[in-house]
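For reference, query.tsv (TSV, C-alpha atoms):
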chain	number	residue	atom	x	y	z
A	1	MET	CA	0.00	0.00	0.00
A	2	THR	CA	2.72	2.43	0.93
A	3	ALA	CA	4.66	1.62	-2.23
A	4	ASN	CA	1.73	2.27	-4.57
A	5	PRO	CA	0.60	5.66	-5.84
A	6	GLY	CA	-2.13	7.49	-3.94
A	7	LYS	CA	-5.77	6.88	-4.82
A	8	ASP	CA	-8.72	9.17	-4.43
A	9	ILE	CA	-9.64	8.20	-0.88
A	10	PHE	CA	-6.15	7.01	0.01
A	11	LEU	CA	-4.06	10.07	-0.53
A	12	SER	CA	-0.40	9.85	0.37
A	13	ARG	CA	-0.83	11.89	3.52
A	14	GLN	CA	-3.44	9.48	4.79
A	15	LYS	CA	-2.37	6.13	3.52
A	16	GLU	CA	1.32	6.05	4.15
A	17	PRO	CA	2.02	6.50	7.79
A	18	PRO	CA	-1.37	6.15	9.45
A	19	VAL	CA	-3.67	3.88	7.44
A	20	ALA	CA	-1.17	1.27	6.35
A	21	LEU	CA	0.38	1.14	9.80
A	22	ALA	CA	-3.01	1.00	11.50
A	23	MET	CA	-4.10	-1.87	9.26
A	24	LYS	CA	-0.98	-3.78	10.14
A	25	GLU	CA	-1.36	-3.15	13.84
A	26	ALA	CA	-5.10	-3.85	13.87
A	27	VAL	CA	-4.62	-7.38	12.57
A	28	THR	CA	-1.54	-8.18	14.63
A	29	PRO	CA	-2.34	-11.12	16.90
A	30	GLY	CA	-2.26	-10.39	20.60
A	31	PHE	CA	-5.33	-9.26	22.42
A	32	GLU	CA	-3.39	-7.40	25.07
A	33	HIS	CA	-1.51	-5.32	22.53
A	34	PRO	CA	-2.34	-1.65	23.19
A	35	ARG	CA	-1.28	-0.62	19.69
A	36	LYS	CA	-4.11	-2.74	18.33
A	37	ALA	CA	-6.61	-0.65	20.28
A	38	PHE	CA	-5.19	2.62	18.92
A	39	ALA	CA	-5.04	1.27	15.38
A	40	SER	CA	-8.60	-0.06	15.40
A	41	LEU	CA	-10.05	3.22	16.59
A	42	TYR	CA	-8.01	5.15	14.03
A	43	LEU	CA	-9.30	2.97	11.19
A	44	ALA	CA	-12.84	3.31	12.49
A	45	THR	CA	-12.66	7.08	12.28
A	46	GLN	CA	-11.60	7.06	8.62
A	47	PHE	CA	-14.72	5.46	7.18
A	48	GLU	CA	-16.85	8.57	7.41
A	49	PHE	CA	-14.38	10.37	5.17
A	50	TYR	CA	-14.34	7.45	2.72
A	51	PHE	CA	-18.10	7.26	2.53
A	52	ARG	CA	-18.56	11.01	2.18
A	53	PHE	CA	-16.19	10.95	-0.74
A	54	LEU	CA	-17.67	7.83	-2.31
A	55	SER	CA	-21.22	9.14	-2.02
A	56	GLY	CA	-20.41	11.61	-4.78
A	57	LEU	CA	-22.70	14.09	-3.05
A	58	LEU	CA	-20.72	15.25	-0.04
A	59	ASN	CA	-17.54	17.20	0.53
A	60	PRO	CA	-14.89	15.70	2.82
A	61	ASP	CA	-16.22	17.82	5.71
A	62	GLY	CA	-19.71	16.39	5.26
A	63	SER	CA	-21.29	19.43	3.65
A	64	TRP	CA	-23.32	18.99	0.48
A	65	LYS	CA	-21.46	19.66	-2.72
A	66	SER	CA	-24.40	21.63	-4.02
A	67	PRO	CA	-28.11	22.16	-3.33
A	68	SER	CA	-28.91	19.86	-6.22
A	69	ASP	CA	-26.79	17.14	-4.62
A	70	GLN	CA	-28.78	17.55	-1.43
A	71	LEU	CA	-31.99	17.18	-3.41
A	72	LYS	CA	-30.60	14.09	-5.08
A	73	GLY	CA	-29.70	12.66	-1.68
A	74	LYS	CA	-33.22	13.29	-0.43
A	75	SER	CA	-34.67	11.54	-3.43
A	76	LEU	CA	-32.39	8.55	-2.83
A	77	LEU	CA	-33.27	8.32	0.87
A	78	PRO	CA	-36.71	9.87	1.16
A	79	GLY	CA	-37.28	8.73	4.73
A	80	GLU	CA	-34.03	10.13	6.09
A	81	SER	CA	-34.69	13.39	7.95
A	82	ARG	CA	-31.00	14.06	8.61
A	83	LEU	CA	-30.51	14.89	4.97
A	84	ASN	CA	-32.19	18.24	5.62
A	85	GLN	CA	-29.15	19.42	7.56
A	86	ARG	CA	-26.39	21.53	6.04
A	87	SER	CA	-23.91	18.71	6.44
A	88	ILE	CA	-23.97	15.01	7.15
A	89	SER	CA	-22.15	13.98	10.27
A	90	ASN	CA	-23.25	10.40	10.51
A	91	VAL	CA	-21.23	7.53	9.12
A	92	GLU	CA	-24.30	5.37	8.57
A	93	VAL	CA	-26.07	8.01	6.50
A	94	ALA	CA	-22.90	8.61	4.49
A	95	TYR	CA	-22.69	4.85	3.94
A	96	LYS	CA	-26.31	4.66	2.76
A	97	LEU	CA	-25.63	7.42	0.26
A	98	THR	CA	-22.49	5.63	-0.88
A	99	VAL	CA	-24.12	2.32	-1.69
A	100	LEU	CA	-26.71	4.17	-3.74
A	101	ASN	CA	-24.03	5.83	-5.83
A	102	SER	CA	-24.09	3.37	-8.70
A	103	ALA	CA	-21.52	5.42	-10.59
A	104	ASP	CA	-18.78	4.19	-8.29
A	105	PRO	CA	-17.75	0.51	-8.52
A	106	ARG	CA	-16.93	0.49	-4.82
A	107	ALA	CA	-20.59	1.07	-4.04
A	108	VAL	CA	-21.40	-2.19	-5.79
A	109	VAL	CA	-18.74	-4.00	-3.78
A	110	LEU	CA	-20.05	-2.59	-0.49
A	111	ASN	CA	-23.60	-3.55	-1.36
A	112	GLU	CA	-22.47	-7.03	-2.25
A	113	LEU	CA	-20.61	-7.40	1.05
A	114	ASP	CA	-23.56	-6.09	3.00
A	115	THR	CA	-25.84	-8.64	1.41
A	116	ALA	CA	-23.35	-11.44	2.06
A	117	ILE	CA	-22.91	-10.47	5.70
A	118	ARG	CA	-26.65	-10.13	6.25
A	119	SER	CA	-27.22	-13.59	4.82
A	120	ARG	CA	-25.01	-14.95	7.62
A	121	PHE	CA	-26.16	-12.84	10.51
A	122	GLN	CA	-28.91	-10.27	10.91
A	123	SER	CA	-28.02	-8.00	13.79
A	124	LYS	CA	-30.54	-6.36	16.06
A	125	LEU	CA	-28.08	-3.54	16.71
A	126	TYR	CA	-27.48	-2.30	13.18
A	127	ASP	CA	-28.88	-2.69	9.69
A	128	ASN	CA	-25.84	-2.44	7.47
A	129	LEU	CA	-22.07	-2.11	7.48
A	130	GLY	CA	-22.32	1.64	8.03
A	131	GLY	CA	-24.54	1.05	11.03
A	132	ARG	CA	-22.09	-1.47	12.39
A	133	ILE	CA	-19.23	1.01	12.08
A	134	LYS	CA	-21.34	3.69	13.74
A	135	TYR	CA	-22.44	1.44	16.57
A	136	VAL	CA	-18.91	0.58	17.65
A	137	ARG	CA	-17.04	3.66	16.48
A	138	ASP	CA	-19.24	6.15	18.30
A	139	ARG	CA	-18.81	4.35	21.58
A	140	GLY	CA	-15.08	4.03	21.04
A	141	ALA	CA	-14.49	7.55	19.81
A	142	HIS	CA	-16.57	9.06	22.60
A	143	GLY	CA	-14.69	7.10	25.20
A	144	GLU	CA	-17.51	4.95	26.43
A	145	TRP	CA	-15.66	1.88	25.27
A	146	GLY	CA	-11.96	2.10	25.83
A	147	ASP	CA	-11.03	-0.57	23.34
A	148	VAL	CA	-12.64	-1.42	20.03
A	149	SER	CA	-9.87	-3.73	18.92
A	150	ALA	CA	-12.38	-6.57	18.58
A	151	GLU	CA	-13.38	-4.87	15.34
A	152	GLY	CA	-9.80	-4.39	14.18
A	153	VAL	CA	-9.87	-7.16	11.59
A	154	PHE	CA	-13.23	-5.95	10.30
A	155	TYR	CA	-11.94	-2.40	9.89
A	156	ALA	CA	-8.66	-3.47	8.34
A	157	ALA	CA	-10.34	-5.87	5.92
A	158	LEU	CA	-12.93	-3.29	4.87
A	159	THR	CA	-10.20	-0.69	4.38
A	160	ALA	CA	-8.26	-3.18	2.26
A	161	ILE	CA	-11.34	-3.91	0.17
A	162	LEU	CA	-11.89	-0.21	-0.49
A	163	TYR	CA	-8.24	0.13	-1.38
A	164	PHE	CA	-8.15	-2.84	-3.75
A	165	ALA	CA	-11.45	-1.81	-5.34
A	166	SER	CA	-10.28	1.74	-5.91
A	167	PRO	CA	-9.45	2.58	-9.50
B	1	MET	CA	-21.09	-29.34	13.04
B	2	SER	CA	-20.75	-32.03	15.62
B	3	GLY	CA	-23.99	-32.82	17.42
B	4	SER	CA	-26.97	-30.96	18.87
B	5	HIS	CA	-27.28	-28.14	21.32
B	6	PRO	CA	-28.61	-29.76	24.53
B	7	LYS	CA	-31.20	-27.04	25.22
B	8	MET	CA	-32.01	-25.50	21.91
B	9	GLY	CA	-31.98	-28.60	19.76
B	10	ARG	CA	-29.71	-26.87	17.31
B	11	PRO	CA	-26.55	-28.25	15.88
B	12	CYS	CA	-23.54	-27.71	18.11
B	13	LEU	CA	-20.75	-25.68	16.68
B	14	LYS	CA	-17.26	-26.97	16.93
B	15	ARG	CA	-15.04	-25.63	19.67
B	16	THR	CA	-11.63	-24.27	18.91
B	17	SER	CA	-10.06	-27.41	20.31
B	18	ASP	CA	-11.87	-29.48	17.70
B	19	VAL	CA	-10.46	-27.61	14.79
B	20	ARG	CA	-8.40	-29.93	12.71
B	21	GLU	CA	-5.96	-27.54	11.20
B	22	ARG	CA	-4.18	-24.75	12.97
B	23	GLY	CA	-1.73	-22.07	12.07
B	24	THR	CA	-1.88	-19.50	9.34
B	25	LYS	CA	-1.25	-19.41	5.65
B	26	VAL	CA	-0.66	-16.53	3.31
B	27	PHE	CA	-3.23	-16.20	0.55
B	28	MET	CA	-1.63	-16.79	-2.84
B	29	SER	CA	-2.90	-15.30	-6.04
B	30	GLU	CA	-4.05	-17.99	-8.46
B	31	HIS	CA	-2.67	-16.06	-11.36
B	32	SER	CA	0.61	-14.68	-10.16
B	33	LYS	CA	1.38	-17.19	-7.42
B	34	GLN	CA	2.65	-14.25	-5.45
B	35	SER	CA	1.83	-13.68	-1.83
B	36	SER	CA	-1.01	-11.26	-1.23
B	37	GLY	CA	0.31	-10.72	2.28
B	38	ILE	CA	-3.02	-11.63	3.87
B	39	LEU	CA	-2.52	-13.97	6.80
B	40	VAL	CA	-5.47	-16.28	7.27
B	41	PRO	CA	-5.84	-19.29	9.54
B	42	LYS	CA	-5.83	-22.43	7.41
B	43	ARG	CA	-9.27	-23.51	8.47
B	44	TYR	CA	-10.79	-20.41	6.86
B	45	LEU	CA	-9.11	-20.82	3.51
B	46	PRO	CA	-11.33	-21.35	0.47
B	47	GLY	CA	-12.59	-24.91	0.38
B	48	ASN	CA	-12.47	-25.46	4.13
B	49	SER	CA	-15.84	-25.62	5.79
B	50	GLN	CA	-14.66	-24.51	9.21
B	51	ARG	CA	-15.14	-20.83	9.67
B	52	PHE	CA	-14.40	-18.29	12.35
B	53	PHE	CA	-17.94	-18.16	13.58
B	54	ASP	CA	-18.06	-21.90	14.15
B	55	ASP	CA	-15.59	-21.60	16.99
B	56	PHE	CA	-18.18	-20.21	19.34
B	57	PHE	CA	-20.66	-22.69	20.66
B	58	GLU	CA	-22.24	-19.96	22.74
B	59	MET	CA	-23.68	-18.17	19.74
B	60	ALA	CA	-25.72	-21.26	18.84
B	61	ILE	CA	-27.64	-19.61	16.03
B	62	GLY	CA	-27.60	-22.72	13.92
B	63	PRO	CA	-25.65	-23.71	10.84
B	64	MET	CA	-24.19	-20.97	8.72
B	65	PRO	CA	-24.75	-20.74	4.98
B	66	PRO	CA	-21.93	-22.08	2.83
B	67	PRO	CA	-18.98	-19.76	2.34
B	68	PRO	CA	-19.13	-17.52	-0.69
B	69	THR	CA	-17.60	-18.65	-3.92
B	70	LEU	CA	-14.16	-17.33	-4.50
B	71	GLU	CA	-14.37	-15.28	-7.67
B	72	ASP	CA	-10.72	-15.33	-8.65
B	73	GLY	CA	-7.29	-15.01	-7.14
B	74	SER	CA	-7.20	-11.24	-7.04
B	75	GLN	CA	-6.38	-9.42	-3.85
B	76	LEU	CA	-9.84	-7.87	-3.84
B	77	ALA	CA	-11.61	-11.21	-4.19
B	78	LEU	CA	-9.49	-12.80	-1.49
B	79	THR	CA	-10.03	-9.93	0.91
B	80	LYS	CA	-13.77	-10.01	0.27
B	81	TYR	CA	-13.83	-13.73	0.90
B	82	TYR	CA	-11.94	-13.33	4.16
B	83	PHE	CA	-14.11	-10.40	5.20
B	84	VAL	CA	-17.37	-12.31	4.79
B	85	ALA	CA	-16.01	-15.51	6.30
B	86	CYS	CA	-14.41	-13.93	9.36
B	87	CYS	CA	-16.31	-10.76	10.17
B	88	PRO	CA	-20.03	-11.52	10.11
B	89	VAL	CA	-20.81	-10.11	13.57
B	90	ALA	CA	-19.63	-6.96	15.30
B	91	GLY	CA	-17.58	-6.79	18.42
B	92	ALA	CA	-16.41	-9.39	20.82
B	93	TYR	CA	-18.51	-12.16	19.45
B	94	ASN	CA	-16.77	-12.93	16.21
B	95	LEU	CA	-13.12	-12.69	17.13
B	96	PRO	CA	-11.22	-14.62	19.76
B	97	ASP	CA	-9.27	-11.49	20.57
B	98	GLY	CA	-12.45	-9.60	21.17
B	99	LEU	CA	-13.88	-12.34	23.31
B	100	LEU	CA	-10.77	-12.41	25.44
B	101	ASN	CA	-10.85	-8.63	25.67
B	102	LEU	CA	-14.39	-8.86	26.88
B	103	ILE	CA	-13.53	-11.42	29.53
B	104	LEU	CA	-10.54	-9.42	30.73
B	105	ARG	CA	-12.61	-6.26	30.82
B	106	LEU	CA	-15.26	-7.90	32.92
B	107	PHE	CA	-12.72	-9.30	35.33
B	108	ARG	CA	-10.83	-6.06	35.68
B	109	SER	CA	-13.44	-3.38	35.84
B	110	TYR	CA	-16.80	-4.99	36.15
B	111	ASP	CA	-19.21	-2.61	37.86
B	112	GLY	CA	-22.47	-4.24	36.94
B	113	LYS	CA	-23.72	-1.54	34.58
B	114	SER	CA	-20.86	-1.33	32.14
B	115	GLY	CA	-20.62	-5.10	31.89
B	116	GLN	CA	-24.28	-5.40	31.07
B	117	ARG	CA	-24.03	-2.66	28.53
B	118	TYR	CA	-21.08	-4.29	26.87
B	119	LEU	CA	-22.88	-7.58	26.68
B	120	SER	CA	-26.15	-6.19	25.40

Give the structure from this file in structure tokens form.
Amino acid sequence: MTANPGKDIFLSRQKEPPVALAMKEAVTPGFEHPRKAFASLYLATQFEFYFRFLSGLLNPDGSWKSPSDQLKGKSLLPGESRLNQRSISNVEVAYKLTVLNSADPRAVVLNELDTAIRSRFQSKLYDNLGGRIKYVRDRGAHGEWGDVSAEGVFYAALTAILYFASP
Amino acid sequence: MSGSHPKMGRPCLKRTSDVRERGTKVFMSEHSKQSSGILVPKRYLPGNSQRFFDDFFEMAIGPMPPPPTLEDGSQLALTKYYFVACCPVAGAYNLPDGLLNLILRLFRSYDGKSGQRYLS
């Protein structure tokens, strides 16, 4: 990853030191390894940026690219009241917009993975991969849970999938 | 699968000690025969029926669907395969590391409320 050129959501500033290192640390065996906890939480925080970008409708800070993009988002998710806000600050909503962006091949991959995961286990806590990230990430990032390393392999694998699927 | 759950009448899932093969193997691309650098326990490799989830008898949700078909030997296909096979459930339930973290957490700082919240 570090040796390859930067991609749209994996720019050199982001991918080289932090993301690649965090992926490595997150999957390193050893449940008492504190670096795994740091790495997992770091990876968890990156997905909102990825999904905002991949939605095609949002800027990296979560604001709408244009009023017409906001209208398009509302038409894609008519029941989602949070789309009325000036910016989207919810990883699950950004994820939902991403999987509906058929122009990006990564949306197809995410949708495919979501379907495959759901066919194995239907959670009562979340509805999709974005919801799963939100459920654990929010509690980790807000300090309620001190260690989200149990999701480290999930985060690292999903990051790798987005990387490999990136043009 | 190796029997029935005594209470629920569902098939028992194999325990870790029953797993035939141990250790890890690096996924190899079918085309290039080069290492993809993805370390995966042998029992989860394509073609093996034993999957991560099967290690935990406690989940007892019944037999899992067959693993997805491996599309090709690309890094993307292999990572997707591993992702679906190993990460179906969030948190402590699907990874041994997470389960051990959970146990350690409960032993170290169990205060009743936080433990219940973590388990819910």

Test item: residues at most 12 Å from region 160-163 of chain A, only C-alpha atoms, excluding those fewer than 5 positions along its chain, as a PyMOL selection string
(chain A and resi 1-2+4-11+15+19-20+22-24+27+43+46-47+50-51+53-54+104-110+112-113+153-155) or (chain B and resi 36-38+74-84)

Should the cut-off be 10 Å, what would the residue list for chain A against chain B look like, counting only C-alpha atoms, as a PyMOL selection string?
chain A and resi 27-32+109-110+112-123+125-126+129+132-133+135-136+144-166

Go through A:Leu83, A:Leu41, A:Leu77, A:Leu71 and flag the residue nearest Ala26 (chain A), using all atoms listed in the file for the distances.
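Ranked by minimum distance to Ala26 (chain A), first place goes to A:Leu41.
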
Point-to-point distance in Å for CA of Ser81 (chain A) and CA of Ser63 (chain A):
15.3 Å

For Asp61 (chain A), which residue out of A:Asn128, A:Asn111, A:Ser87, A:Ser102 is the nearest one, using all atoms listed in the file?
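So, comparing all the options, the nearest one is A:Ser87.
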
Pick from A:Pro167, A:Pro18, A:Gly79, A:Gly73: nearest to Tyr42 (chain A), with only C-alpha atoms counted?
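Ranking A:Pro167, A:Pro18, A:Gly79, A:Gly73 by distance to Tyr42 (chain A), first place goes to A:Pro18.
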
Selection: 8 Å around Gln70 (chain A), all atoms listed in the file, excl. self and same-chain fewer than 5 positions, as a PyMOL selection string:
chain A and resi 57+64-65+83-84

In Å to one decimal, how far is CA of Ala44 (chain A) from CA of His142 (chain A)?
12.2 Å

Please measure the separation of CA of Ser89 (chain A) and CA of Pro67 (chain A), giving the value in Å to one decimal.
17.0 Å

Using all atoms listed in the file, which of the listed residues (A:Arg86, A:Thr98, A:Val93, A:Gly62) sits closest to Phe49 (chain A)?
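Checking each candidate against Phe49 (chain A), we get A:Gly62 as the closest.
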